[in-house]
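**Q** Supplied structure: final02.pdb, PDB, C-alpha atoms.
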ATOM      1  CA  MET A 852     -19.858 -51.672  60.337
ATOM      2  CA  GLY A 853     -18.494 -48.957  58.033
ATOM      3  CA  ILE A 854     -15.391 -49.213  55.870
ATOM      4  CA  ALA A 855     -13.321 -46.812  57.980
ATOM      5  CA  GLN A 856     -13.968 -48.792  61.145
ATOM      6  CA  GLN A 857     -13.159 -52.082  59.402
ATOM      7  CA  ILE A 858      -9.863 -50.728  58.106
ATOM      8  CA  VAL A 859      -8.882 -49.456  61.560
ATOM      9  CA  GLU A 860      -9.808 -52.773  63.188
ATOM     10  CA  SER A 861      -7.754 -54.652  60.599
ATOM     11  CA  ILE A 862      -4.555 -52.873  61.750
ATOM     12  CA  LYS A 863      -2.845 -55.146  64.281
ATOM     13  CA  TRP A 864       0.186 -52.969  65.011
ATOM     14  CA  ASP A 865       0.931 -49.487  66.295
ATOM     15  CA  ALA A 866       3.724 -46.896  66.147
ATOM     16  CA  ASP A 867       4.849 -43.683  67.776
ATOM     17  CA  ILE A 868       4.107 -40.479  65.913
ATOM     18  CA  LYS A 869       7.217 -38.729  64.603
ATOM     19  CA  GLU A 870       5.514 -35.730  63.047
ATOM     20  CA  ILE A 871       2.114 -34.213  62.315
ATOM     21  CA  ARG A 872       1.444 -31.437  59.824
ATOM     22  CA  ILE A 873      -1.868 -29.838  58.850
ATOM     23  CA  GLY A 874      -1.514 -27.826  55.665
ATOM     24  CA  ILE A 875      -3.961 -25.733  53.679
ATOM     25  CA  PHE A 876      -4.723 -28.611  51.332
ATOM     26  CA  TRP A 877      -3.241 -31.750  52.891
ATOM     27  CA  THR A 878      -2.702 -33.284  56.310
ATOM     28  CA  ALA A 879       0.215 -35.618  57.073
ATOM     29  CA  VAL A 880       1.036 -38.048  59.870
ATOM     30  CA  TRP A 881       4.480 -39.645  59.978
ATOM     31  CA  SER A 882       4.646 -42.785  62.092
ATOM     32  CA  LYS A 883       5.584 -46.170  60.631
ATOM     33  CA  ARG A 884       5.663 -44.344  57.316
ATOM     34  CA  CYS A 885       4.212 -41.027  56.169
ATOM     35  CA  GLY A 886       0.507 -40.953  55.365
ATOM     36  CA  ILE A 887      -1.456 -38.065  53.890
ATOM     37  CA  ALA A 888      -5.118 -37.146  53.577
ATOM     38  CA  LEU A 889      -7.094 -34.184  52.322
ATOM     39  CA  THR A 890      -7.485 -31.434  54.913
ATOM     40  CA  LEU A 891     -11.128 -30.754  55.673
ATOM     41  CA  HIS A 892     -11.692 -27.497  57.521
ATOM     42  CA  PRO A 893     -14.411 -26.254  59.870
ATOM     43  CA  GLU A 894     -16.848 -23.899  58.205
ATOM     44  CA  PHE A 895     -15.941 -20.881  60.328
ATOM     45  CA  GLU A 896     -12.571 -19.712  61.659
ATOM     46  CA  HIS A 897     -13.742 -19.480  65.273
ATOM     47  CA  GLU A 898     -14.891 -23.118  65.327
ATOM     48  CA  GLN A 899     -12.634 -25.688  66.942
ATOM     49  CA  ALA A 900     -10.691 -27.753  64.392
ATOM     50  CA  VAL A 901      -8.600 -30.055  66.617
ATOM     51  CA  ARG A 902      -9.378 -30.591  70.292
ATOM     52  CA  ASP A 903      -5.871 -31.476  71.501
ATOM     53  CA  ALA A 904      -3.787 -29.294  69.211
ATOM     54  CA  GLY A 905      -0.235 -29.138  70.525
ATOM     55  CA  ALA A 906      -0.506 -32.477  72.319
ATOM     56  CA  LEU A 907      -1.388 -34.881  69.515
ATOM     57  CA  LYS A 908       2.081 -36.456  69.344
ATOM     58  CA  ARG A 909       1.512 -37.874  72.804
ATOM     59  CA  MET A 910      -0.963 -40.248  71.166
ATOM     60  CA  SER A 911       0.075 -43.329  69.250
ATOM     61  CA  ALA A 912      -0.701 -43.552  65.529
ATOM     62  CA  LEU A 913      -3.443 -46.117  66.117
ATOM     63  CA  GLU A 914      -5.039 -43.957  68.819
ATOM     64  CA  LEU A 915      -5.060 -41.056  66.364
ATOM     65  CA  ALA A 916      -6.513 -43.307  63.665
ATOM     66  CA  LYS A 917      -9.474 -44.036  65.918
ATOM     67  CA  LEU A 918     -10.614 -40.417  65.520
ATOM     68  CA  TRP A 919     -12.071 -41.444  62.119
ATOM     69  CA  SER A 920     -15.600 -40.896  63.498
ATOM     70  CA  SER A 921     -14.839 -37.567  65.183
ATOM     71  CA  PRO A 922     -17.461 -34.818  64.838
ATOM     72  CA  LEU A 923     -14.603 -32.503  63.793
ATOM     73  CA  LEU A 924     -13.658 -32.699  60.108
ATOM     74  CA  THR A 925      -9.988 -31.827  60.632
ATOM     75  CA  GLU A 926      -9.655 -34.595  63.216
ATOM     76  CA  ARG A 927     -11.061 -37.024  60.653
ATOM     77  CA  SER A 928      -8.407 -35.867  58.190
ATOM     78  CA  LEU A 929      -5.785 -36.578  60.851
ATOM     79  CA  ALA A 930      -7.276 -40.017  61.476
ATOM     80  CA  ILE A 931      -7.191 -41.044  57.811
ATOM     81  CA  ALA A 932      -3.641 -39.738  57.420
ATOM     82  CA  SER A 933      -2.689 -41.766  60.483
ATOM     83  CA  ILE A 934      -4.317 -44.887  59.034
ATOM     84  CA  ASN A 935      -2.282 -44.361  55.878
ATOM     85  CA  SER A 936       0.867 -43.970  57.977
ATOM     86  CA  LEU A 937       0.356 -47.410  59.523
ATOM     87  CA  LEU A 938      -0.548 -49.453  56.458
ATOM     88  CA  HIS A 939       2.288 -51.198  54.661
ATOM     89  CA  PRO A 940       0.922 -52.790  51.457
ATOM     90  CA  ASP A 941       2.874 -55.643  49.939
ATOM     91  CA  GLU A 942       5.138 -54.211  47.228
ATOM     92  CA  GLU A 943       4.386 -57.237  45.039
ATOM     93  CA  ASN A 944       0.716 -56.229  44.922
ATOM     94  CA  LEU A 945       1.370 -52.571  44.094
ATOM     95  CA  GLN A 946       1.125 -51.331  40.532
ATOM     96  CA  ASP A 947       2.381 -48.030  39.180
ATOM     97  CA  LEU A 948      -1.104 -47.306  37.913
ATOM     98  CA  ASP A 949      -2.677 -43.864  38.098
ATOM     99  CA  ALA A 950      -6.457 -43.765  38.360
ATOM    100  CA  GLY A 951      -6.705 -40.747  36.067
ATOM    101  CA  ASP A 952      -4.923 -42.585  33.263
ATOM    102  CA  LEU A 953      -7.019 -45.676  33.956
ATOM    103  CA  LEU A 954     -10.203 -43.647  33.573
ATOM    104  CA  PHE A 955      -9.093 -42.417  30.166
ATOM    105  CA  GLN A 956      -8.230 -45.898  28.974
ATOM    106  CA  GLU A 957     -11.200 -47.818  30.353
ATOM    107  CA  GLY A 958     -13.722 -44.983  30.135
ATOM    108  CA  ALA A 959     -13.576 -44.182  26.426
ATOM    109  CA  GLY A 960     -17.125 -44.310  25.069
ATOM    110  CA  LYS A 961     -18.606 -45.245  28.475
ATOM    111  CA  ARG A 962     -20.842 -43.654  31.081
ATOM    112  CA  ILE A 963     -18.717 -42.423  33.992
ATOM    113  CA  ALA A 964     -19.779 -41.114  37.387
ATOM    114  CA  LEU A 965     -16.966 -39.192  39.062
ATOM    115  CA  VAL A 966     -17.407 -38.218  42.707
ATOM    116  CA  GLY A 967     -15.104 -35.247  43.178
ATOM    117  CA  HIS A 968     -13.943 -32.651  40.656
ATOM    118  CA  PHE A 969     -10.460 -33.573  39.430
ATOM    119  CA  PRO A 970      -8.215 -31.445  37.159
ATOM    120  CA  PHE A 971      -8.641 -33.826  34.212
ATOM    121  CA  VAL A 972     -12.448 -33.448  34.041
ATOM    122  CA  PRO A 973     -12.549 -31.278  30.855
ATOM    123  CA  LYS A 974     -10.426 -33.774  28.898
ATOM    124  CA  LEU A 975     -12.308 -36.778  30.272
ATOM    125  CA  ARG A 976     -15.562 -35.268  28.989
ATOM    126  CA  GLU A 977     -14.091 -35.450  25.489
ATOM    127  CA  VAL A 978     -13.631 -39.236  25.562
ATOM    128  CA  ALA A 979     -16.524 -40.433  27.755
ATOM    129  CA  LYS A 980     -19.940 -41.210  26.343
ATOM    130  CA  ARG A 981     -21.365 -39.419  29.367
ATOM    131  CA  LEU A 982     -19.589 -37.930  32.364
ATOM    132  CA  TRP A 983     -21.390 -36.978  35.539
ATOM    133  CA  VAL A 984     -19.292 -35.085  38.088
ATOM    134  CA  LEU A 985     -20.787 -35.026  41.574
ATOM    135  CA  GLU A 986     -19.566 -32.368  43.995
ATOM    136  CA  LEU A 987     -20.497 -31.039  47.435
ATOM    137  CA  ASN A 988     -19.499 -27.617  46.054
ATOM    138  CA  PRO A 989     -20.425 -27.913  42.355
ATOM    139  CA  ARG A 990     -18.526 -26.015  39.696
ATOM    140  CA  PRO A 991     -20.089 -25.137  36.321
ATOM    141  CA  GLY A 992     -21.075 -28.403  34.647
ATOM    142  CA  ASP A 993     -21.034 -30.407  37.905
ATOM    143  CA  LEU A 994     -24.017 -31.957  39.645
ATOM    144  CA  PRO A 995     -24.737 -31.546  43.354
ATOM    145  CA  ALA A 996     -23.798 -34.478  45.566
ATOM    146  CA  SER A 997     -27.504 -35.053  46.188
ATOM    147  CA  ALA A 998     -27.820 -36.376  42.604
ATOM    148  CA  ALA A 999     -25.683 -39.440  43.442
ATOM    149  CA  ALA A1000     -28.650 -41.802  43.835
ATOM    150  CA  GLU A1001     -29.870 -40.869  40.358
ATOM    151  CA  VAL A1002     -26.645 -41.095  38.345
ATOM    152  CA  ILE A1003     -24.329 -43.634  40.034
ATOM    153  CA  PRO A1004     -26.552 -46.663  39.254
ATOM    154  CA  GLN A1005     -26.451 -45.680  35.548
ATOM    155  CA  ALA A1006     -22.653 -45.524  35.346
ATOM    156  CA  GLU A1007     -20.465 -48.196  33.792
ATOM    157  CA  ILE A1008     -17.484 -46.758  35.672
ATOM    158  CA  VAL A1009     -17.717 -45.146  39.097
ATOM    159  CA  ALA A1010     -14.694 -43.277  40.479
ATOM    160  CA  ILE A1011     -14.931 -41.902  44.013
ATOM    161  CA  THR A1012     -12.517 -39.563  45.728
ATOM    162  CA  GLY A1013     -10.863 -41.049  48.791
ATOM    163  CA  SER A1014     -11.879 -37.961  50.753
ATOM    164  CA  ALA A1015     -15.397 -39.449  50.863
ATOM    165  CA  LEU A1016     -13.951 -41.627  53.626
ATOM    166  CA  ILE A1017     -13.224 -38.452  55.600
ATOM    167  CA  ASN A1018     -16.568 -36.718  55.144
ATOM    168  CA  GLY A1019     -18.489 -39.924  55.921
ATOM    169  CA  THR A1020     -20.248 -40.403  52.570
ATOM    170  CA  ILE A1021     -18.265 -43.371  51.231
ATOM    171  CA  ASP A1022     -20.499 -46.203  52.471
ATOM    172  CA  GLN A1023     -23.638 -44.669  51.000
ATOM    173  CA  LEU A1024     -21.914 -43.939  47.677
ATOM    174  CA  LEU A1025     -20.650 -47.518  47.298
ATOM    175  CA  SER A1026     -24.113 -48.875  48.090
ATOM    176  CA  LEU A1027     -25.387 -47.117  44.932
ATOM    177  CA  THR A1028     -22.945 -48.798  42.509
ATOM    178  CA  SER A1029     -24.001 -51.563  40.148
ATOM    179  CA  SER A1030     -22.332 -54.959  40.456
ATOM    180  CA  GLN A1031     -21.539 -54.627  36.731
ATOM    181  CA  SER A1032     -19.643 -51.352  37.134
ATOM    182  CA  LEU A1033     -15.897 -50.866  37.408
ATOM    183  CA  VAL A1034     -15.525 -49.126  40.784
ATOM    184  CA  ILE A1035     -12.425 -47.087  41.623
ATOM    185  CA  VAL A1036     -11.539 -45.262  44.835
ATOM    186  CA  MET A1037      -8.866 -42.705  44.088
ATOM    187  CA  GLY A1038      -6.657 -40.068  45.621
ATOM    188  CA  PRO A1039      -3.998 -39.969  48.374
ATOM    189  CA  SER A1040      -6.638 -40.121  51.123
ATOM    190  CA  ALA A1041      -7.636 -43.662  50.095
ATOM    191  CA  PRO A1042      -5.999 -46.280  52.355
ATOM    192  CA  LEU A1043      -4.264 -49.078  50.431
ATOM    193  CA  SER A1044      -6.259 -51.776  52.207
ATOM    194  CA  PRO A1045      -7.883 -54.917  50.733
ATOM    195  CA  ILE A1046     -10.935 -54.172  52.928
ATOM    196  CA  TRP A1047     -12.231 -52.083  50.003
ATOM    197  CA  PHE A1048     -12.614 -55.204  47.889
ATOM    198  CA  ASP A1049     -15.275 -56.542  50.272
ATOM    199  CA  HIS A1050     -17.393 -53.491  49.430
ATOM    200  CA  GLY A1051     -17.515 -53.720  45.646
ATOM    201  CA  VAL A1052     -14.368 -51.722  44.885
ATOM    202  CA  ASP A1053     -12.186 -53.047  42.047
ATOM    203  CA  VAL A1054      -9.253 -50.603  42.151
ATOM    204  CA  VAL A1055      -7.788 -48.512  44.964
ATOM    205  CA  SER A1056      -5.501 -45.839  43.553
ATOM    206  CA  SER A1057      -3.551 -43.872  46.139
ATOM    207  CA  SER A1058      -0.015 -42.707  46.921
ATOM    208  CA  ILE A1059       3.101 -43.635  48.861
ATOM    209  CA  VAL A1060       5.337 -40.952  50.346
ATOM    210  CA  TRP A1061       8.932 -42.001  49.773
ATOM    211  CA  ASP A1062      10.644 -38.790  50.952
ATOM    212  CA  PRO A1063       8.711 -37.692  54.063
ATOM    213  CA  GLU A1064      10.962 -34.806  55.060
ATOM    214  CA  ARG A1065      10.684 -33.018  51.714
ATOM    215  CA  VAL A1066       6.970 -33.724  51.369
ATOM    216  CA  LEU A1067       6.211 -32.487  54.895
ATOM    217  CA  ASP A1068       8.230 -29.349  54.279
ATOM    218  CA  CYS A1069       6.306 -28.654  51.072
ATOM    219  CA  LEU A1070       2.932 -29.435  52.684
ATOM    220  CA  SER A1071       3.677 -27.087  55.605
ATOM    221  CA  GLN A1072       4.353 -24.261  53.161
ATOM    222  CA  GLY A1073       0.941 -24.615  51.511
ATOM    223  CA  GLY A1074       1.958 -27.101  48.822
ATOM    224  CA  ASN A1075      -0.721 -28.752  46.718
ATOM    225  CA  LEU A1076      -0.575 -32.342  45.465
ATOM    226  CA  HIS A1077       1.155 -31.443  42.216
ATOM    227  CA  GLN A1078       3.927 -29.685  44.142
ATOM    228  CA  MET A1079       4.266 -32.508  46.675
ATOM    229  CA  MET A1080       4.471 -35.104  43.927
ATOM    230  CA  ALA A1081       7.721 -33.536  42.779
ATOM    231  CA  MET A1082       9.088 -33.751  46.340
ATOM    232  CA  GLY A1083       8.656 -37.471  46.853
ATOM    233  CA  ILE A1084       5.243 -39.074  46.281
ATOM    234  CA  ARG A1085       4.654 -42.154  44.161
ATOM    235  CA  LYS A1086       1.211 -42.923  42.731
ATOM    236  CA  VAL A1087       0.290 -46.593  43.133
ATOM    237  CA  SER A1088      -2.760 -48.833  42.963
ATOM    238  CA  ILE A1089      -3.967 -52.198  44.198
ATOM    239  CA  LEU A1090      -6.434 -54.268  42.159
ATOM    240  CA  LYS A1091      -8.996 -56.813  43.229
ATOM    241  CA  LYS A1092      -7.570 -60.236  42.395
ATOM    242  CA  SER A1093     -10.908 -61.548  41.128
ATOM    243  CA  HIS A1094     -11.289 -58.650  38.693
ATOM    244  CA  PRO A1095     -11.532 -60.007  35.118
ATOM    245  CA  GLY A1096      -8.643 -57.810  34.103
ATOM    246  CA  ILE A1097      -7.825 -54.295  33.009
ATOM    247  CA  SER A1098      -5.909 -53.816  29.796
ATOM    248  CA  TRP A1099      -3.553 -51.337  31.441
ATOM    249  CA  THR A1100      -0.816 -49.674  29.455
ATOM    250  CA  GLN A1101       1.865 -47.441  30.951
ATOM    251  CA  SER A1102       1.532 -44.575  28.460
ATOM    252  CA  PRO A1103      -0.527 -41.797  30.114
ATOM    253  CA  LYS A1104      -3.482 -40.447  28.168
ATOM    254  CA  HIS A1105      -3.927 -37.189  30.010
ATOM    255  CA  ASN A1106      -2.102 -34.476  31.848
ATOM    256  CA  GLN A1107      -3.356 -33.480  35.298
ATOM    257  CA  SER A1108      -1.226 -30.373  35.599
TER     258      SER A1108
END
Would you give me this structure, written as structure tokens?

**A**
Amino acid sequence: MGIAQQIVESIKWDADIKEIRIGIFWTAVWSKRCGIALTLHPEFEHEQAVRDAGALKRMSALELAKLWSSPLLTERSLAIASINSLLHPDEENLQDLDAGDLLFQEGAGKRIALVGHFPFVPKLREVAKRLWVLELNPRPGDLPASAAAEVIPQAEIVAITGSALINGTIDQLLSLTSSQSLVIVMGPSAPLSPIWFDHGVDVVSSSIVWDPERVLDCLSQGGNLHQMMAMGIRKVSILKKSHPGISWTQSPKHNQS
């Protein structure tokens, strides 16, 4: 059973959907709370993106979450956003820890495999012993996603974008990690669920939307994550309790803008 299915099956409650927005970059579902996920688009404009567009709010949030295995990428984005709208992590277990800052602190002088090209990549290259960036659409200096089986087992730190849960690659990627590696799943798409810890993940770094109306308004107008952060998003993380410890400090070591 894959991680997405396990997370959905772990949710024992449901809620009506208040609002759904699909933006250029991000998708949001507001039910119990507001959850977001990266918007994945069909390859061509004439292809169907969402089968029941215009009628989705007739579904419950849990029904929408069960589209996680849909053949349509945009429906999967909706499903993960809906999962995130239903989860309510214990505030006592949340830390104001940003995965980017954690990578700079823990990754100095180490071999890092980063699945997904993040804005801080150029600066992270300066501090890492070796940085491999794996991308489905590689930029200069990146490796193609097909190189994952070669580089991930070599990495001391593996950081995987939460959108790998949407495109269906997450289970395979986690199977490649070494038991000795620090494994991080990062980005707003990543559900704040302890299910990750059963699959070798040590840190889940995601986001909580604390001002849904402003964030949805920004998202609907084409806002990116940096813009939405200013409207009401808090970056948080949960850590595996059995992890030997991360010497986290609050002073950020990079700037993602």

**Q** Excluding same-chain residues fewer than 2 positions from Gly886 in chain A, what lies within 8 Å of it counting only C-alpha atoms, as a VMD selection string?

**A** chain A and resid 879 to 881 884 888 932 to 937 1059 to 1060

**Q** Just say which residues the PyMOL selection byres ((chain A and resi 891) around 12) picks in this file, as number ranges by chain.

**A** A: 873-878, 888-890, 892-895, 900-901, 922-932, 1014-1019, 1040

**Q** Show which residues sit within 12 Å of Leu994 in chain A, as a list in words. Count only C-alpha atoms, and ignore same-chain residues fewer than 2 positions away.

**A**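 Selected residues are Ala964, Leu965, Val966, Gly967, His968, Leu982, Trp983, Val984, Leu985, Glu986, Leu987, Asn988, Pro989, Arg990, Pro991, Gly992, Ala996, Ser997, Ala998, Ala999, Ala1000, Glu1001, Val1002 and Ile1003 of chain A.
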
**Q** Dump as CSV the rows for residues of range 889-1003 of chain A within 8 Å of range 862-865 of chain A: closest atom pair and distance in Å with one decimal, only C-alpha atoms counted, ordered by chain and rising residue number.

**A**
residue,atom,partner,partner_atom,distance
A:Ser911,CA,A:Asp865,CA,6.9
A:Ala912,CA,A:Asp865,CA,6.2
A:Leu913,CA,A:Asp865,CA,5.5
A:Leu937,CA,A:Asp865,CA,7.1
A:Leu938,CA,A:Ile862,CA,7.5

**Q** A:Ile1084, A:Val972, A:Ile854, A:Leu907: which is nearest Gly1051 in chain A, counting all atoms listed in the file?

**A**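 Ranked by minimum distance to Gly1051 in chain A, first place goes to A:Ile854.
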
**Q** If I take CA of Pro1042 in chain A and CA of Cys885 in chain A, how far is one from the other in Å, to one decimal?

**A**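 Separating CA of Pro1042 in chain A from CA of Cys885 in chain A is a distance of 12.1 Å.
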
**Q** Any idea what's packed within 12 Å of Gln857 in chain A, counting only C-alpha atoms, ignoring anything in its chain fewer than 3 positions away? Could you give it as a list in words?

**A**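 Counting only the stated atoms, we get Met852, Gly853, Ile854, Glu860, Ser861, Ile862, Lys863, Ala916, Lys917, Trp919, Ile934, Leu1016, Asp1022, Pro1042, Ser1044, Pro1045, Ile1046, Trp1047, Phe1048, Asp1049 and His1050 of chain A.
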
**Q** For the atom pair CA of Ala904 in chain A and CA of Val859 in chain A, what is the interatomic distance in Å to one decimal place?

**A** 22.2 Å

**Q** For a test of reading the model, state the distance in Å between CA of Leu1043 in chain A and CA of Glu914 in chain A, rounded to one decimal.

**A** 19.1 Å

**Q** Which one of A:Leu948, A:Pro970, A:Trp1061, A:Glu977 sits closest to His1077 in chain A if you count all atoms listed in the file?

**A**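 Of A:Leu948, A:Pro970, A:Trp1061, A:Glu977, the one nearest His1077 in chain A, counting all atoms listed in the file, is A:Pro970.
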
**Q** With only C-alpha atoms as the atoms that count, which of A:Glu1007, A:Asp1062, A:Asp867, A:Asp949 lies nearest to Ser1030 in chain A?

**A**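 Among A:Glu1007, A:Asp1062, A:Asp867, A:Asp949, it is A:Glu1007 that comes nearest to Ser1030 in chain A.
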
**Q** May I ask which of the residues A:Met1037, A:Leu1025, A:Met1080, A:Ala906 is the closest one to Asp952 in chain A, counting all atoms listed in the file?

**A** A:Met1037
